[in-house]
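Asks: If it helps, the file is called entry-v7.tsv and holds TSV, C-alpha atoms:
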chain	number	residue	atom	x	y	z
M	1447	MET	CA	69.34	169.31	205.22
M	1448	LYS	CA	65.59	169.23	205.91
M	1449	ASN	CA	64.16	167.45	208.90
M	1450	ALA	CA	63.09	163.85	208.37
M	1451	ASP	CA	59.53	163.19	207.26
M	1452	VAL	CA	59.41	159.95	209.24
M	1453	PHE	CA	61.41	158.79	212.24
M	1454	VAL	CA	61.10	155.03	212.77
M	1455	ILE	CA	61.89	153.10	215.94
M	1456	ALA	CA	62.29	149.34	215.50
M	1457	GLY	CA	64.01	147.59	218.38
M	1458	GLU	CA	64.39	144.03	217.12
M	1459	ALA	CA	64.83	141.90	214.00
M	1460	SER	CA	61.14	141.38	213.18
M	1461	GLY	CA	60.35	145.06	213.70
M	1462	ASP	CA	63.28	146.03	211.48
M	1463	LEU	CA	61.96	143.70	208.76
M	1464	HIS	CA	58.34	144.85	208.91
M	1465	ALA	CA	59.16	148.54	209.26
M	1466	SER	CA	61.49	148.35	206.25
M	1467	SER	CA	58.73	146.78	204.16
M	1468	LEU	CA	56.37	149.57	205.23
M	1469	ILE	CA	58.92	152.24	204.32
M	1470	ASN	CA	59.50	150.68	200.90
M	1471	GLY	CA	55.75	150.77	200.31
M	1472	LEU	CA	55.52	154.34	201.57
M	1473	LYS	CA	58.24	155.53	199.21
M	1474	LYS	CA	56.20	154.26	196.25
M	1475	LEU	CA	53.29	156.45	197.35
M	1476	SER	CA	55.37	159.42	198.50
M	1477	PRO	CA	58.62	159.49	196.51
M	1478	GLY	CA	61.37	161.61	197.95
M	1479	ILE	CA	60.42	161.33	201.59
M	1480	SER	CA	63.28	161.28	204.07
M	1481	VAL	CA	63.46	158.60	206.76
M	1482	GLU	CA	65.60	158.35	209.86
M	1483	ALA	CA	65.49	155.47	212.29
M	1484	ILE	CA	66.62	153.38	215.16
M	1485	GLY	CA	66.80	150.01	213.46
M	1486	GLY	CA	68.97	147.48	211.70
M	1487	ASN	CA	70.27	146.47	208.29
M	1488	ARG	CA	66.86	146.18	206.64
M	1489	LEU	CA	65.77	149.72	207.51
M	1490	SER	CA	69.17	150.94	206.38
M	1491	ASP	CA	68.74	149.08	203.08
M	1492	ALA	CA	65.31	150.73	202.72
M	1493	GLY	CA	67.07	154.10	202.74
M	1494	ALA	CA	66.70	155.11	206.38
M	1495	ASN	CA	69.57	156.96	208.04
M	1496	LEU	CA	70.20	155.19	211.35
M	1497	LEU	CA	70.57	157.22	214.51
M	1498	PHE	CA	71.91	154.01	216.05
M	1499	ASN	CA	71.48	150.25	215.64
M	1500	TYR	CA	68.72	148.59	217.64
M	1501	SER	CA	71.24	146.11	219.10
M	1502	GLU	CA	72.24	148.88	221.50
M	1503	VAL	CA	68.84	148.72	223.24
M	1504	ASN	CA	67.68	145.19	222.47
M	1505	PHE	CA	67.62	143.26	225.74
M	1506	VAL	CA	65.22	140.51	226.81
M	1507	GLY	CA	63.60	139.98	230.19
M	1508	PHE	CA	63.56	141.87	233.45
M	1509	ALA	CA	67.01	140.72	234.60
M	1510	GLU	CA	68.78	141.64	231.33
M	1511	ILE	CA	67.06	145.02	231.17
M	1512	ALA	CA	67.99	145.77	234.79
M	1513	ALA	CA	71.62	144.86	234.11
M	1514	ASN	CA	71.77	147.26	231.15
M	1515	ILE	CA	69.46	149.97	232.45
M	1516	LYS	CA	72.06	152.77	232.32
M	1517	ALA	CA	72.82	152.15	228.65
M	1518	ILE	CA	69.12	151.94	227.81
M	1519	ARG	CA	68.33	155.17	229.63
M	1520	LYS	CA	71.14	156.93	227.80
M	1521	LYS	CA	69.74	155.85	224.43
M	1522	ILE	CA	66.20	156.83	225.45
M	1523	SER	CA	67.51	160.28	226.38
M	1524	GLU	CA	69.38	160.62	223.08
M	1525	THR	CA	66.29	159.59	221.13
M	1526	ILE	CA	63.97	162.00	222.94
M	1527	LYS	CA	66.37	164.89	222.41
M	1528	TYR	CA	66.77	164.05	218.74
M	1529	ILE	CA	63.02	163.88	218.06
M	1530	VAL	CA	62.16	167.04	219.98
M	1531	THR	CA	65.02	168.98	218.35
M	1532	ASN	CA	64.39	167.80	214.79
M	1533	GLN	CA	60.57	167.53	214.84
M	1534	PRO	CA	59.98	164.87	212.14
M	1535	LYS	CA	56.46	164.94	210.71
M	1536	ILE	CA	55.74	161.42	211.97
M	1537	VAL	CA	57.26	159.23	214.64
M	1538	LEU	CA	56.53	155.63	213.66
M	1539	LEU	CA	56.87	153.22	216.57
M	1540	THR	CA	57.18	149.56	215.62
M	1541	ASP	CA	56.52	146.89	218.27
M	1542	PHE	CA	59.18	146.99	221.09
M	1543	PRO	CA	56.75	148.45	223.66
M	1544	GLY	CA	59.01	148.89	226.69
M	1545	PHE	CA	61.24	151.33	224.81
M	1546	ASN	CA	58.67	152.83	222.45
M	1547	LEU	CA	56.01	153.71	225.03
M	1548	LYS	CA	58.64	155.42	227.15
M	1549	ILE	CA	59.66	157.50	224.12
M	1550	ALA	CA	56.04	158.34	223.30
M	1551	LYS	CA	55.38	159.52	226.84
M	1552	GLU	CA	58.47	161.70	227.05
M	1553	ILE	CA	58.11	163.41	223.65
M	1554	ARG	CA	54.36	164.00	223.78
M	1555	LYS	CA	54.51	167.48	225.40
M	1556	ASN	CA	57.19	168.91	223.13
M	1557	TYR	CA	56.67	167.06	219.85
M	1558	LYS	CA	54.24	168.65	217.38
M	1559	GLY	CA	53.92	165.82	214.84
M	1560	LYS	CA	51.93	162.59	214.86
M	1561	ILE	CA	52.89	159.48	216.82
M	1562	ILE	CA	51.77	156.34	215.00
M	1563	TYR	CA	52.14	152.84	216.44
M	1564	TYR	CA	52.59	150.00	213.93
M	1565	ILE	CA	52.40	146.47	215.33
M	1566	THR	CA	50.98	147.53	218.67
M	1567	PRO	CA	51.83	145.94	222.04
M	1568	GLN	CA	49.87	142.75	222.65
M	1569	VAL	CA	47.99	144.29	225.57
M	1570	TRP	CA	45.11	141.87	224.98
M	1571	ALA	CA	47.50	139.11	226.07
M	1572	TRP	CA	49.49	140.74	228.83
M	1573	HIS	CA	50.43	144.07	230.40
M	1574	LYS	CA	46.98	145.62	229.88
M	1575	SER	CA	48.12	148.60	231.95
M	1576	ARG	CA	49.79	149.85	228.76
M	1577	VAL	CA	46.36	150.55	227.22
M	1578	LYS	CA	46.17	153.80	229.21
M	1579	GLN	CA	49.58	154.88	227.87
M	1580	ILE	CA	48.56	154.14	224.29
M	1581	ARG	CA	45.36	156.16	224.73
M	1582	GLN	CA	47.28	159.13	226.15
M	1583	TYR	CA	50.30	159.29	223.87
M	1584	ILE	CA	49.49	157.63	220.52
M	1585	ASP	CA	47.60	159.37	217.70
M	1586	LYS	CA	46.95	156.28	215.57
M	1587	CYS	CA	47.38	152.51	215.93
M	1588	LEU	CA	47.99	150.35	212.86
M	1589	VAL	CA	47.09	146.83	214.00
M	1590	ILE	CA	47.93	143.53	212.33
M	1591	PHE	CA	45.34	141.17	213.85
M	1592	PRO	CA	41.67	141.69	212.92
M	1593	PHE	CA	40.41	141.43	216.51
M	1594	GLU	CA	42.78	144.20	217.67
M	1595	LYS	CA	40.81	146.94	215.88
M	1596	LYS	CA	37.70	146.30	217.97
M	1597	PHE	CA	39.77	145.81	221.13
M	1598	PHE	CA	41.46	149.20	220.83
M	1599	GLU	CA	38.33	151.02	219.68
M	1600	ASN	CA	36.52	149.70	222.76
M	1601	GLU	CA	39.30	151.32	224.77
M	1602	GLY	CA	38.78	154.68	223.06
M	1603	ILE	CA	41.83	154.37	220.79
M	1604	ASP	CA	41.90	155.16	217.06
M	1605	ALA	CA	42.94	151.93	215.30
M	1606	SER	CA	42.94	150.54	211.75
M	1607	TYR	CA	43.48	146.94	210.69
M	1608	VAL	CA	46.18	147.04	207.99
M	1609	GLY	CA	46.74	143.32	207.45
M	1610	HIS	CA	49.53	141.18	208.80
M	1611	PRO	CA	52.93	141.99	207.25
M	1612	LEU	CA	53.74	138.30	206.80
M	1613	LEU	CA	50.83	137.56	204.45
M	1614	LYS	CA	52.16	139.08	201.24
M	1615	PRO	CA	55.77	137.84	201.48
M	1616	VAL	CA	54.56	134.34	202.37
M	1617	ASP	CA	52.02	134.34	199.53
M	1618	ASP	CA	54.65	135.62	197.09
M	1619	PHE	CA	56.99	132.86	198.21
M	1620	LEU	CA	54.35	130.13	197.90
M	1621	GLU	CA	53.14	131.11	194.44
M	1622	GLY	CA	53.86	128.26	192.00
M	1623	ARG	CA	56.06	126.45	194.53
M	1624	GLU	CA	55.96	122.78	195.51
M	1625	LYS	CA	57.58	121.13	198.50
M	1626	LYS	CA	60.67	119.05	197.89
M	1627	THR	CA	60.54	115.31	198.45
M	1628	ASN	CA	62.94	114.56	201.27
M	1629	PRO	CA	64.82	111.22	201.27
M	1630	MET	CA	64.96	111.42	205.08
M	1631	PRO	CA	62.97	113.42	207.66
M	1632	VAL	CA	64.02	117.07	207.75
M	1633	VAL	CA	63.83	118.95	211.05
M	1634	THR	CA	64.62	122.64	211.42
M	1635	LEU	CA	65.57	124.29	214.71
M	1636	MET	CA	64.96	128.01	215.23
M	1637	PRO	CA	66.50	129.25	218.51
M	1638	GLY	CA	65.75	132.96	218.02
M	1639	SER	CA	67.42	136.23	217.16
M	1640	ARG	CA	68.65	137.38	220.58
M	1641	VAL	CA	71.85	136.17	222.18
M	1642	GLN	CA	70.25	135.71	225.61
M	1643	GLU	CA	67.46	133.57	224.15
M	1644	VAL	CA	69.83	131.44	222.10
M	1645	ARG	CA	72.02	130.70	225.11
M	1646	ARG	CA	69.02	129.42	227.08
M	1647	ILE	CA	67.43	127.45	224.26
M	1648	MET	CA	70.40	125.90	222.47
M	1649	PRO	CA	71.44	123.36	225.14
M	1650	VAL	CA	68.17	121.44	224.72
M	1651	LEU	CA	68.14	121.91	220.95
M	1652	SER	CA	71.71	120.59	220.69
M	1653	LYS	CA	70.80	117.40	222.57
M	1654	THR	CA	67.66	117.00	220.49
M	1655	ALA	CA	69.60	117.39	217.25
M	1656	CYS	CA	72.03	114.64	218.26
M	1657	GLU	CA	69.21	112.18	218.89
M	1658	LEU	CA	67.35	113.13	215.72
M	1659	ILE	CA	70.48	112.53	213.66
M	1660	ASP	CA	71.95	109.48	215.38
M	1661	LYS	CA	68.78	107.59	216.31
M	1662	TYR	CA	66.17	108.72	213.80
M	1663	LYS	CA	68.47	109.41	210.82
M	1664	CYS	CA	67.12	112.92	210.27
M	1665	SER	CA	68.60	115.81	208.39
M	1666	VAL	CA	68.69	118.68	210.89
M	1667	ASN	CA	68.90	122.38	210.02
M	1668	LEU	CA	69.83	125.15	212.43
M	1669	LEU	CA	68.55	128.54	211.33
M	1670	CYS	CA	71.08	131.10	212.51
M	1671	SER	CA	69.93	134.70	212.83
M	1672	GLU	CA	72.23	137.34	211.38
M	1673	ASN	CA	72.00	139.05	214.78
M	1674	ILE	CA	73.80	136.20	216.55
M	1675	PRO	CA	77.62	136.23	216.34
M	1676	ASP	CA	79.05	132.93	215.07
M	1677	GLY	CA	80.96	132.48	218.31
M	1678	VAL	CA	77.75	132.09	220.30
M	1679	PHE	CA	76.89	128.83	218.54
M	1680	GLU	CA	80.41	127.55	219.17
M	1681	GLU	CA	79.59	127.53	222.89
M	1682	PHE	CA	77.45	124.42	222.38
M	1683	SER	CA	78.19	120.84	221.38
M	1684	ILE	CA	76.39	120.98	218.07
M	1685	HIS	CA	76.41	117.73	216.07
M	1686	PRO	CA	78.81	118.07	213.12
M	1687	SER	CA	76.08	116.94	210.71
M	1688	VAL	CA	73.77	119.83	211.59
M	1689	ASN	CA	73.29	122.16	208.63
M	1690	ARG	CA	73.79	125.75	209.73
M	1691	ILE	CA	71.66	127.98	207.52
M	1692	SER	CA	71.30	131.76	207.47
M	1693	SER	CA	67.93	133.06	208.57
M	1694	ALA	CA	67.85	134.92	205.24
M	1695	SER	CA	66.70	131.57	203.80
M	1696	ASN	CA	64.11	130.91	206.48
M	1697	TYR	CA	61.04	130.53	204.22
M	1698	GLU	CA	62.76	128.03	201.94
M	1699	THR	CA	64.10	126.08	204.92
M	1700	ILE	CA	60.84	126.03	206.89
M	1701	TYR	CA	58.72	125.19	203.84
M	1702	ASN	CA	60.83	122.16	202.93
M	1703	SER	CA	61.02	120.81	206.47
M	1704	ASP	CA	58.86	118.02	207.88
M	1705	PHE	CA	58.93	119.48	211.38
M	1706	VAL	CA	60.16	122.69	213.02
M	1707	VAL	CA	61.08	123.53	216.60
M	1708	THR	CA	60.90	127.28	217.06
M	1709	LYS	CA	60.95	129.73	219.91
M	1710	PHE	CA	57.81	131.76	220.52
M	1711	GLY	CA	57.29	134.81	218.33
M	1712	THR	CA	56.76	135.73	214.69
M	1713	SER	CA	58.35	132.50	213.50
M	1714	THR	CA	55.39	130.48	214.85
M	1715	LEU	CA	53.10	132.36	212.47
M	1716	GLU	CA	55.57	131.89	209.61
M	1717	CYS	CA	55.56	128.12	210.12
M	1718	ALA	CA	51.77	127.99	210.17
M	1719	LEU	CA	51.31	130.15	207.06
M	1720	LEU	CA	53.93	128.08	205.23
M	1721	GLY	CA	52.08	124.90	206.20
M	1722	THR	CA	54.84	123.16	208.15
M	1723	PRO	CA	54.07	121.28	211.40
M	1724	PHE	CA	55.92	122.67	214.40
M	1725	CYS	CA	56.07	123.06	218.15
M	1726	ALA	CA	56.89	126.25	220.05
M	1727	VAL	CA	59.43	126.46	222.88
M	1728	TYR	CA	60.84	128.92	225.34
M	1729	LYS	CA	63.03	129.10	228.41
M	1730	ALA	CA	63.43	132.26	230.47
M	1731	GLY	CA	65.27	133.06	233.66
M	1732	ASN	CA	63.28	131.97	236.71
M	1733	ILE	CA	62.51	135.51	237.86
M	1734	ASN	CA	61.49	136.61	234.36
M	1735	TYR	CA	59.27	133.55	234.01
M	1736	MET	CA	57.47	134.08	237.32
M	1737	LEU	CA	56.87	137.76	236.63
M	1738	GLY	CA	55.70	136.99	233.10
M	1739	ARG	CA	53.22	134.39	234.28
M	1740	MET	CA	51.73	136.92	236.68
M	1741	MET	CA	50.98	139.36	233.84
M	1742	ILE	CA	49.81	137.07	231.04
M	1743	ARG	CA	46.08	137.13	230.29
M	1744	THR	CA	45.73	134.29	227.75
M	1745	ASP	CA	45.72	130.51	228.05
M	1746	PHE	CA	48.39	130.20	225.37
M	1747	VAL	CA	51.61	131.89	224.25
M	1748	ALA	CA	52.04	130.79	220.62
M	1749	LEU	CA	50.20	133.16	218.26
M	1750	VAL	CA	48.55	130.30	216.38
M	1751	ASN	CA	46.98	129.00	219.57
M	1752	ILE	CA	45.99	132.47	220.77
M	1753	ILE	CA	44.25	133.39	217.51
M	1754	LEU	CA	42.41	130.07	217.12
M	1755	GLU	CA	41.73	129.90	220.89
M	1756	LYS	CA	42.84	126.29	221.27
M	1757	GLU	CA	45.94	124.15	221.37
M	1758	VAL	CA	46.77	123.65	217.73
M	1759	VAL	CA	50.51	123.25	218.36
M	1760	LYS	CA	52.33	122.12	221.48
M	1761	GLU	CA	53.96	124.72	223.70
M	1762	PHE	CA	56.97	123.57	225.72
M	1763	ILE	CA	58.01	126.15	228.31
M	1764	GLN	CA	60.53	126.02	231.17
M	1765	LYS	CA	60.51	122.51	232.74
M	1766	ASP	CA	58.45	121.13	229.84
M	1767	PHE	CA	61.09	122.24	227.36
M	1768	THR	CA	63.01	118.94	227.22
M	1769	LYS	CA	64.63	116.75	224.60
M	1770	GLU	CA	62.12	114.00	225.40
M	1771	ASN	CA	59.11	116.22	224.73
M	1772	LEU	CA	60.57	117.53	221.46
M	1773	ILE	CA	61.36	114.04	220.21
M	1774	GLY	CA	57.91	112.87	221.26
M	1775	GLU	CA	56.21	115.64	219.31
M	1776	PHE	CA	58.42	114.95	216.28
M	1777	LEU	CA	57.30	111.31	216.35
M	1778	ASN	CA	53.63	112.31	216.70
M	1779	VAL	CA	53.86	114.50	213.61
M	1780	MET	CA	55.82	111.96	211.54
M	1781	ASN	CA	53.97	108.79	212.52
M	1782	ASP	CA	50.36	109.87	213.06
M	1783	ASP	CA	48.75	111.04	209.81
M	1784	LYS	CA	45.53	112.10	211.55
M	1785	TYR	CA	47.43	114.18	214.11
M	1786	ARG	CA	49.50	115.91	211.43
M	1787	ASN	CA	46.55	116.55	209.11
M	1788	ILE	CA	44.46	118.11	211.89
M	1789	MET	CA	47.32	120.51	212.60
M	1790	LEU	CA	47.63	121.40	208.91
M	1791	SER	CA	43.87	121.95	208.57
M	1792	GLU	CA	43.99	124.39	211.48
M	1793	PHE	CA	46.79	126.26	209.72
M	1794	PHE	CA	44.44	126.62	206.74
M	1795	LEU	CA	41.76	128.11	209.00
M	1796	LEU	CA	44.34	130.52	210.37
M	1797	ARG	CA	45.12	131.79	206.88
M	1798	ASN	CA	41.42	132.32	206.18
M	1799	TYR	CA	41.08	134.18	209.47
M	1800	PHE	CA	43.33	136.95	208.17
M	1801	TYR	CA	41.76	137.15	204.73
M	1802	ASP	CA	38.14	137.13	205.93
M	1803	VAL	CA	38.53	140.70	207.22
M	1804	ALA	CA	38.95	143.41	204.60
M	1805	VAL	CA	41.85	145.86	204.74
M	1806	GLU	CA	40.35	149.25	203.90
M	1807	LYS	CA	43.72	151.02	203.74
M	1808	THR	CA	47.26	149.70	204.03
M	1809	ALA	CA	49.80	151.04	206.50
M	1810	PRO	CA	51.73	152.96	203.79
M	1811	GLN	CA	48.48	154.52	202.54
M	1812	ILE	CA	47.49	155.72	206.01
M	1813	ILE	CA	50.93	157.16	206.76
M	1814	SER	CA	51.07	158.83	203.35
M	1815	GLU	CA	47.78	160.56	204.12
M	1816	PHE	CA	49.18	161.84	207.43
M	1817	LEU	CA	52.23	163.19	205.61
M	1818	ASN	CA	50.13	165.01	203.03
M	1819	ASN	CA	47.61	166.56	205.44
Hey, can you dump this file as structure tokens for me?
Replies:
Amino acid sequence: MKNADVFVIAGEASGDLHASSLINGLKKLSPGISVEAIGGNRLSDAGANLLFNYSEVNFVGFAEIAANIKAIRKKISETIKYIVTNQPKIVLLTDFPGFNLKIAKEIRKNYKGKIIYYITPQVWAWHKSRVKQIRQYIDKCLVIFPFEKKFFENEGIDASYVGHPLLKPVDDFLEGREKKTNPMPVVTLMPGSRVQEVRRIMPVLSKTACELIDKYKCSVNLLCSENIPDGVFEEFSIHPSVNRISSASNYETIYNSDFVVTKFGTSTLECALLGTPFCAVYKAGNINYMLGRMMIRTDFVALVNIILEKEVVKEFIQKDFTKENLIGEFLNVMNDDKYRNIMLSEFFLLRNYFYDVAVEKTAPQIISEFLNN
């Protein structure tokens, strides 16, 4: 069997999703290419042969990584050996910088192909020390925010803006669609796709759901990631009226909600592009939080706020992540038309922000060119 044309590394759910979409697009341009990967179900469905599932290296925060460092190092060693031995034409790194930059550094001397980074580390927000690593080890960066192209080029790094991977699926979903009329307020809770995150976030969300249902007569949805075993949610006193919905239906659920509470990450951008008011939350271990605050270089954490450079949506982190604050923000959105409409108008500006910058070549087009050169 011939060596793989592309070896993909996606270490989490969003990376698995976006990398699989890229591979599907690449196969239309270069039929017959072979793909191997570290990833999940979506990359597998896209035809990639998995070296192992990303769940084996997917840990959050300094404490969790330290506790699992032996297992992570073993997988890093296996991955390096596999790439150097098999010499795929392209190694495509997708997000997941702690793991991926380590791989890039270790294979650089003995790997003859191209290392391409898709969805680059957010070094403009935190951990700028990684810029030097990207300059040394990465041949090409495929960036998803317009401002990133100039940022990386100013650092002497070859970068192309390829558009955000959420734009097309969201636009396809929205085409010809109208929101449902809800007989009662609908609130959706999105606790994340990692077990450690869910266990920290769910206690507050469970209490909030009870009050929303019992006091405010809301219909409450809980979006459950396919990466979270059912037993994890059974650890919490979830109101029996909460609707547990698979994250496979996240667009439909978010779009037809009046308000969403979501952890930080890609889901904040999904809510904004779908035009649903929301607030962003997070709770980390104390050590992780203190170390994270020392490295962050932006005033905000939610992508919407970072891109628009102002507080468009509320961010509730650590001690501010309380039932009272979530209920208060829900009431602001539901009862204050001006407040809600300002938020929605900012979401419209966010959409325009992405479309105002032309995409000269898509990610599949660029990778196809590398394969054919």
Asks: List as a VMD selection string the protein and nucleic acid residues near Arg1488 (chain M), meaning an atom at most 12 Å away when only C-alpha atoms are counted, but skip any in the same chain fewer than 5 places from it.
Replies: chain M and resid 1456 1458 to 1470 1483 1493 to 1496 1499 to 1500 1672 to 1673 1694
Asks: So which one's closest to Gly1711 (chain M), M:Val1688, M:Ser1639, M:Lys1520, M:Phe1767? Using all atoms listed in the file, please.
Replies: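 Closest to Gly1711 (chain M) of all the choices is M:Ser1639.
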Asks: CA of Val1750 (chain M) to CA of Asp1618 (chain M): how many Å, to one decimal?
Replies: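 Calculated distance between CA of Val1750 (chain M) and CA of Asp1618 (chain M) is 20.9 Å.
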Asks: Using only C-alpha atoms, which protein or nucleic acid residues come within 9 Å of Phe1816 (chain M)? Drop anything in the same chain fewer than 5 positions from it, and give the result as a list of chain:residue names.
Replies: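 Selected residues are M:Lys1535, M:Ile1536, M:Lys1560, M:Gln1811.
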Asks: Hey, what's within 12 Å of Asn1751 (chain M) if we count all atoms listed in the file and toss same-chain stuff fewer than 2 positions away? As a VMD selection string, please?
Replies: chain M and resid 1710 to 1711 1714 to 1715 1718 1725 to 1726 1744 to 1749 1753 to 1761 1789 1792 to 1793 1795 to 1796
Asks: Using all atoms listed in the file, which residue out of M:Cys1717, M:Val1577, M:Leu1612, M:Val1632 lies closest to Val1666 (chain M)?
Replies: M:Val1632
Asks: Provide the CA of Ile1522 (chain M) to CA of Val1537 (chain M) distance in Å, to one decimal place.
Replies: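 Distance reported for this atom pair: 14.2 Å.
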Asks: Find the residue from M:Ser1695, M:Ser1671, M:Ser1652, M:Thr1531 that sits nearest to Arg1640 (chain M); use only C-alpha atoms when measuring.
Replies: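 The shortest atom-to-atom distance to Arg1640 (chain M) comes from M:Ser1671.
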Asks: What does the distance from CA of Thr1699 (chain M) to CA of Ser1687 (chain M) come to in Å, to one decimal?
Replies: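 It comes out at 16.1 Å.
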Asks: M:His1610, M:Lys1521, M:Lys1765, M:Lys1784: which is nearest Thr1808 (chain M), counting all atoms listed in the file?
Replies: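 The answer is M:His1610, which sits nearest to Thr1808 (chain M).
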Asks: Counting only C-alpha atoms, which of M:Val1650, M:Val1641, M:Leu1720, M:Ile1484 gets nearest to Phe1679 (chain M)?
Replies: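 Checking each candidate against Phe1679 (chain M), we get M:Val1641 as the closest.
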